[in-house]
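Colleague: One structure follows; several queries about it will come next.
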Amino acid sequence: MNASSDQLRTLLRETLGFDEFRPGQERIVRGLLAGRDVLAVLPTGAGKSLVYQLAAQLLPGATVVVSPLLALMKDQVESAEALGVAAATISSAQSAGDQAEALARVERREARLLYVTPERLEKPEFTAALAQLPVSLLVVDEAHCISEWGPTFRPAYLALPTAIERLGRPTLLALTATATPWVRRDLIERLGLRDPDRVVLGFDRPNLFLEVRRVESEAEEATALHQLFVEEDNARPDSPDALPGALEATLQGSGIIYTATTRAAAETARWLREWGIAADYYHGQRKRADRDRVQDAFMEGTLRVIAATNAFGLGVDKPDVRFVIHRDVPPSLDAYYQEAGRAGRDGEPARCTLIYRPGDLGRAAFLGSGGQLSGEDVARARAGLVDRGARTARALAEASGLSRPDVARVLDALADAGIVSARRGRLRLLVPDFDPAAVSLEREERRQAYEHSRLEMMRGYAELPDCRRRYLLEYFGEEYPAARCAYCDNDLAHADDPVLLAPPADGVYAVHARVRHPSWGVGVVQRVAGDAITVLFDAVGYKTLRADIVEEQGLLEPVPT
Ligand SMILES: [Zn+2]
């Protein structure tokens, strides 16, 4: 299906009330209308729902959107309807009658968009009913949830490939806000995207000021926070560290302080209250009623600061968050930027501060790895499969006592070894019995190497001597043409130095070049800075090499794409 630029713009104006596309939106819509799969890496707020709302108006069949959270779904439907796009939802929270009515509305073409939870698509009767509509486009929102490498792995997403088949293989749009090239490859493979158009856009948030405060001991963390909230107000304006005017006021606004543990969240809130700041804490172990009360107060603005674990934030959209402070180092830059990016959604100046204690990296590594899969876990899975006859992932989790993410990882290892196959959610044992000790955990070891390398990239950010924005964007695979942004702590410290623009590199020193290393295999150059070159290797994750040694020993050779 083809539509001219004029037709698309007319529809954009008349149906959705926008004059112009934002960068990349038209390319995505055109791809979808032509039946091409698209992987779009767009941060929240980059207008990602607009692309499928528009495509839904032009496609012959229905557009189904898989959304991971009921709260998120509700917001999406409200924003679609505010634009005059009728949308229906189906979730297990509705009665059977309401679900049937929602489906009927789509069937009668009263609604072109249908939002569903991934769990609904696990049901064969439901996908059979959808296939009758028929479905032209399946949108997988928060698509990184299918990647077990990612921090938000959602087992129900693993049922999507089967559901896609049952729906007659509609065109696919995978949407994600944070995905490194590694996670991108993983989700392309798992969802079965066919030669997708990859659009990476909009990671730069120029209104976010990026800074790192280094401390050497846990005791200094309170001091660092005290400096930020109390002493900075009284800082001499002629001090070389003085911040641009608009930034000074950010800490007077509302903000989030992320901590790695529930204990630290409560403790941080207590410190702030002692300093006369309206603060409370939020984490998964607080009572539901308390969490709701704290969140509501924060959204309304009666509570100025919320100290929270990463349980707080997904689906929370408060535009005027003026700062996000991390008291502990997150396990990856993906996690960091997703959380820090909750600041300044209104485009006004906002501040993202990482309090960095080098000794913290060990704990971050532990929290990021999600535990280590062991031979013992494989033995428990064997007992579940062979002795107790579990034939679905859920049954296996129950029979073995393993968590759903661990079950998914064990099943991957068993599938690699040719012991188990999965089809339409049913597990099939291809051999009558097997020796758990003989199952290779190579993929698991790769995962750990990858997690470790992501943490090294996080350390690199925290210890960076130059522009933090450039480093961050290059990590996500987006090019940043300027040598520095002038809106991060390191740039302010060097504001008077001349800016030297390096001549564009070629060969193995070009960012995004594919290269091969004798021990680590194939990878993509992520960053070239001074005498260091960072490569994301398919097998081992991020590695930083010294340019002079690479040169001398011819360590990297170009790989034709
Ligand atoms: Zn900068």
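Numbering starts fresh at 1 for the residues of each chain in the structure tokens, the chains themselves are lettered A, B, ... in the order given, and ligands are numbered from 1 as they appear.
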Could you please extract the residues within 10 Å of ligand 1, counting only C-alpha atoms and all ligand atoms, and hand them back as a list in words?
Modeller: Pro206, Phe209, Leu210, Glu211, Asp466, Cys467, Arg468, Arg469, Arg470, Tyr471, Leu472, Ala482, Ala483, Arg484, Cys485, Ala486, Tyr487, Cys488, Asp489, Asn490, Asp491, Leu492 and His494 of chain A
Colleague: So which residues touch region 541-555 of chain A within 12 Å, counting only C-alpha atoms, skipping near sequence neighbours fewer than 6 positions away, as a PyMOL selection string?
Modeller: chain A and resi 149+180-183+332+445-460+475+507-509+515-535
Colleague: Using only N, CA and C atoms, please write the residues we just selected to a file, as a short mmCIF file (atom, residue, chain, number, x, y, z; two decimals), in the first residue's frame.
Modeller:
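To be explicit, this is the file written out as again_26.cif:
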data_model
loop_
_atom_site.label_atom_id
_atom_site.label_comp_id
_atom_site.auth_asym_id
_atom_site.auth_seq_id
_atom_site.Cartn_x
_atom_site.Cartn_y
_atom_site.Cartn_z
N TRP A 149 17.73 -10.57 28.26
CA TRP A 149 18.90 -9.79 28.61
C TRP A 149 18.47 -8.50 29.30
N THR A 180 20.02 -1.38 23.72
CA THR A 180 21.35 -1.33 23.13
C THR A 180 21.31 -2.19 21.88
N PRO A 181 22.31 -2.05 21.01
CA PRO A 181 22.33 -2.88 19.80
C PRO A 181 22.17 -4.36 20.14
N TRP A 182 22.73 -4.76 21.24
CA TRP A 182 22.65 -6.16 21.65
C TRP A 182 21.20 -6.59 21.88
N VAL A 183 20.49 -5.83 22.68
CA VAL A 183 19.09 -6.16 22.97
C VAL A 183 18.25 -6.06 21.68
N SER A 332 23.32 -0.71 34.46
CA SER A 332 23.65 -0.42 33.06
C SER A 332 23.24 1.01 32.72
N GLU A 445 26.80 -18.06 30.14
CA GLU A 445 28.08 -17.42 30.39
C GLU A 445 28.22 -16.16 29.54
N ARG A 446 27.71 -16.22 28.31
CA ARG A 446 27.75 -15.05 27.44
C ARG A 446 26.93 -13.93 28.05
N ARG A 447 25.76 -14.32 28.60
CA ARG A 447 24.91 -13.31 29.21
C ARG A 447 25.64 -12.59 30.34
N GLN A 448 26.38 -13.40 31.12
CA GLN A 448 27.08 -12.78 32.23
C GLN A 448 28.22 -11.90 31.76
N ALA A 449 28.91 -12.35 30.69
CA ALA A 449 29.98 -11.51 30.13
C ALA A 449 29.37 -10.20 29.65
N TYR A 450 28.18 -10.31 29.09
CA TYR A 450 27.49 -9.13 28.57
C TYR A 450 27.10 -8.17 29.70
N GLU A 451 26.51 -8.74 30.77
CA GLU A 451 26.13 -7.90 31.90
C GLU A 451 27.36 -7.19 32.48
N HIS A 452 28.44 -7.95 32.55
CA HIS A 452 29.67 -7.38 33.10
C HIS A 452 30.15 -6.23 32.23
N SER A 453 30.08 -6.42 30.92
CA SER A 453 30.58 -5.37 30.03
C SER A 453 29.67 -4.14 30.07
N ARG A 454 28.37 -4.37 30.29
CA ARG A 454 27.46 -3.21 30.40
C ARG A 454 27.81 -2.39 31.63
N LEU A 455 28.16 -3.11 32.70
CA LEU A 455 28.55 -2.42 33.92
C LEU A 455 29.84 -1.62 33.70
N GLU A 456 30.75 -2.20 32.90
CA GLU A 456 31.98 -1.48 32.58
C GLU A 456 31.66 -0.18 31.83
N MET A 457 30.64 -0.22 30.96
CA MET A 457 30.26 0.99 30.24
C MET A 457 29.67 2.02 31.22
N MET A 458 28.98 1.50 32.24
CA MET A 458 28.42 2.37 33.27
C MET A 458 29.57 3.04 34.04
N ARG A 459 30.58 2.24 34.36
CA ARG A 459 31.76 2.78 35.05
C ARG A 459 32.42 3.84 34.16
N GLY A 460 32.50 3.52 32.87
CA GLY A 460 33.10 4.46 31.92
C GLY A 460 32.39 5.81 31.96
N TYR A 475 26.54 5.28 23.04
CA TYR A 475 26.20 3.98 23.63
C TYR A 475 24.90 3.45 23.03
N GLY A 507 37.47 3.33 7.97
CA GLY A 507 37.98 1.99 8.27
C GLY A 507 37.47 1.52 9.62
N VAL A 508 38.34 0.85 10.38
CA VAL A 508 37.90 0.26 11.64
C VAL A 508 37.71 1.32 12.73
N TYR A 509 38.06 2.57 12.44
CA TYR A 509 37.91 3.59 13.47
C TYR A 509 36.64 4.42 13.30
N VAL A 515 33.52 -4.85 12.73
CA VAL A 515 34.91 -5.29 12.77
C VAL A 515 35.01 -6.70 13.35
N ARG A 516 36.17 -7.34 13.10
CA ARG A 516 36.40 -8.66 13.67
C ARG A 516 37.69 -8.64 14.50
N HIS A 517 37.62 -9.29 15.68
CA HIS A 517 38.78 -9.39 16.58
C HIS A 517 39.13 -10.88 16.66
N PRO A 518 40.45 -11.22 16.70
CA PRO A 518 40.82 -12.65 16.67
C PRO A 518 40.21 -13.47 17.81
N SER A 519 40.05 -12.92 19.02
CA SER A 519 39.48 -13.73 20.11
C SER A 519 38.01 -13.45 20.35
N TRP A 520 37.55 -12.23 20.12
CA TRP A 520 36.20 -11.86 20.53
C TRP A 520 35.19 -11.87 19.40
N GLY A 521 35.68 -12.14 18.18
CA GLY A 521 34.75 -12.25 17.05
C GLY A 521 34.29 -10.91 16.52
N VAL A 522 33.04 -10.93 15.99
CA VAL A 522 32.53 -9.76 15.26
C VAL A 522 31.86 -8.78 16.21
N GLY A 523 32.03 -7.50 15.94
CA GLY A 523 31.39 -6.48 16.76
C GLY A 523 31.21 -5.19 15.98
N VAL A 524 30.62 -4.21 16.68
CA VAL A 524 30.36 -2.91 16.06
C VAL A 524 31.07 -1.83 16.88
N VAL A 525 31.81 -0.95 16.21
CA VAL A 525 32.51 0.14 16.90
C VAL A 525 31.47 1.11 17.46
N GLN A 526 31.56 1.35 18.77
CA GLN A 526 30.58 2.22 19.42
C GLN A 526 31.14 3.63 19.64
N ARG A 527 32.44 3.68 19.88
CA ARG A 527 32.99 4.95 20.32
C ARG A 527 34.48 4.97 20.07
N VAL A 528 34.97 6.10 19.57
CA VAL A 528 36.40 6.28 19.40
C VAL A 528 36.73 7.59 20.09
N ALA A 529 37.55 7.53 21.14
CA ALA A 529 37.86 8.76 21.87
C ALA A 529 39.32 8.72 22.28
N GLY A 530 40.08 9.70 21.83
CA GLY A 530 41.49 9.77 22.18
C GLY A 530 42.20 8.50 21.77
N ASP A 531 42.79 7.80 22.74
CA ASP A 531 43.55 6.60 22.38
C ASP A 531 42.76 5.33 22.68
N ALA A 532 41.44 5.44 22.84
CA ALA A 532 40.64 4.26 23.17
C ALA A 532 39.55 4.04 22.13
N ILE A 533 39.28 2.77 21.85
CA ILE A 533 38.22 2.44 20.91
C ILE A 533 37.32 1.38 21.57
N THR A 534 36.03 1.66 21.65
CA THR A 534 35.10 0.74 22.32
C THR A 534 34.27 0.02 21.27
N VAL A 535 34.23 -1.32 21.40
CA VAL A 535 33.51 -2.15 20.43
C VAL A 535 32.48 -2.99 21.18
#
Colleague: Could you tell me which of A:Ser254, A:Thr117, A:Thr268, A:Thr89 comes closest to Ala222 (chain A) if we count only C-alpha atoms?
Modeller: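 Among the listed residues, A:Thr268 lies closest to Ala222 (chain A).
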Colleague: Extract, using only C-alpha atoms, all DNA, RNA and protein residues at most 10 Å from Ala56 (chain A), discarding same-chain residues fewer than 5 positions from it, and format them as a ChimeraX atom specification.
Modeller: /A:29,32-33,50-51,61-64,85,111-114,136-137
Colleague: Using DSSP on the backbone, list every residue of region 210-456 of chain A that comes out as alpha helix (DSSP H), and give them as a PyMOL selection string.
Modeller: chain A and resi 219-226+245-248+262-274+288-300+333-340+361-369+375-382+393-400+404-416+442-456
Colleague: Quick check, in Å to one decimal: how far apart do CA of Ile164 (chain A) and CA of Pro118 (chain A) lie?
Modeller: 11.5 Å
Colleague: Go through A:Arg194, A:Arg166, A:Arg154, A:Arg263 and flag the residue nearest Leu130 (chain A), using only C-alpha atoms for the distances.
Modeller: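 Nearest candidate to Leu130 (chain A) out of A:Arg194, A:Arg166, A:Arg154, A:Arg263: A:Arg166.
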Colleague: Measuring between only C-alpha atoms, which one of A:Asp280, A:Glu478, A:Asp387, A:Glu267 shows the shortest distance to Glu221 (chain A)?
Modeller: A:Glu267
Colleague: If we count only C-alpha atoms and set the cut-off at 12 Å, which residues sit around Ala163 (chain A), ignoring sequence neighbours fewer than 6 positions away in its own chain? Please answer as a list in words.
Modeller: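 In the requested format, the answer is Val64, Val66, Pro118, Glu119, Arg120, Leu121, Glu122, Lys123, Pro124, Glu125, Phe126, Thr127, Ala128, Ala129, Leu130, Ala131, Val135, Leu138, Val140, Ala156, Tyr157, Arg169, Pro170, Leu191, Gly192, Arg423, Arg424 and Gly425 of chain A.
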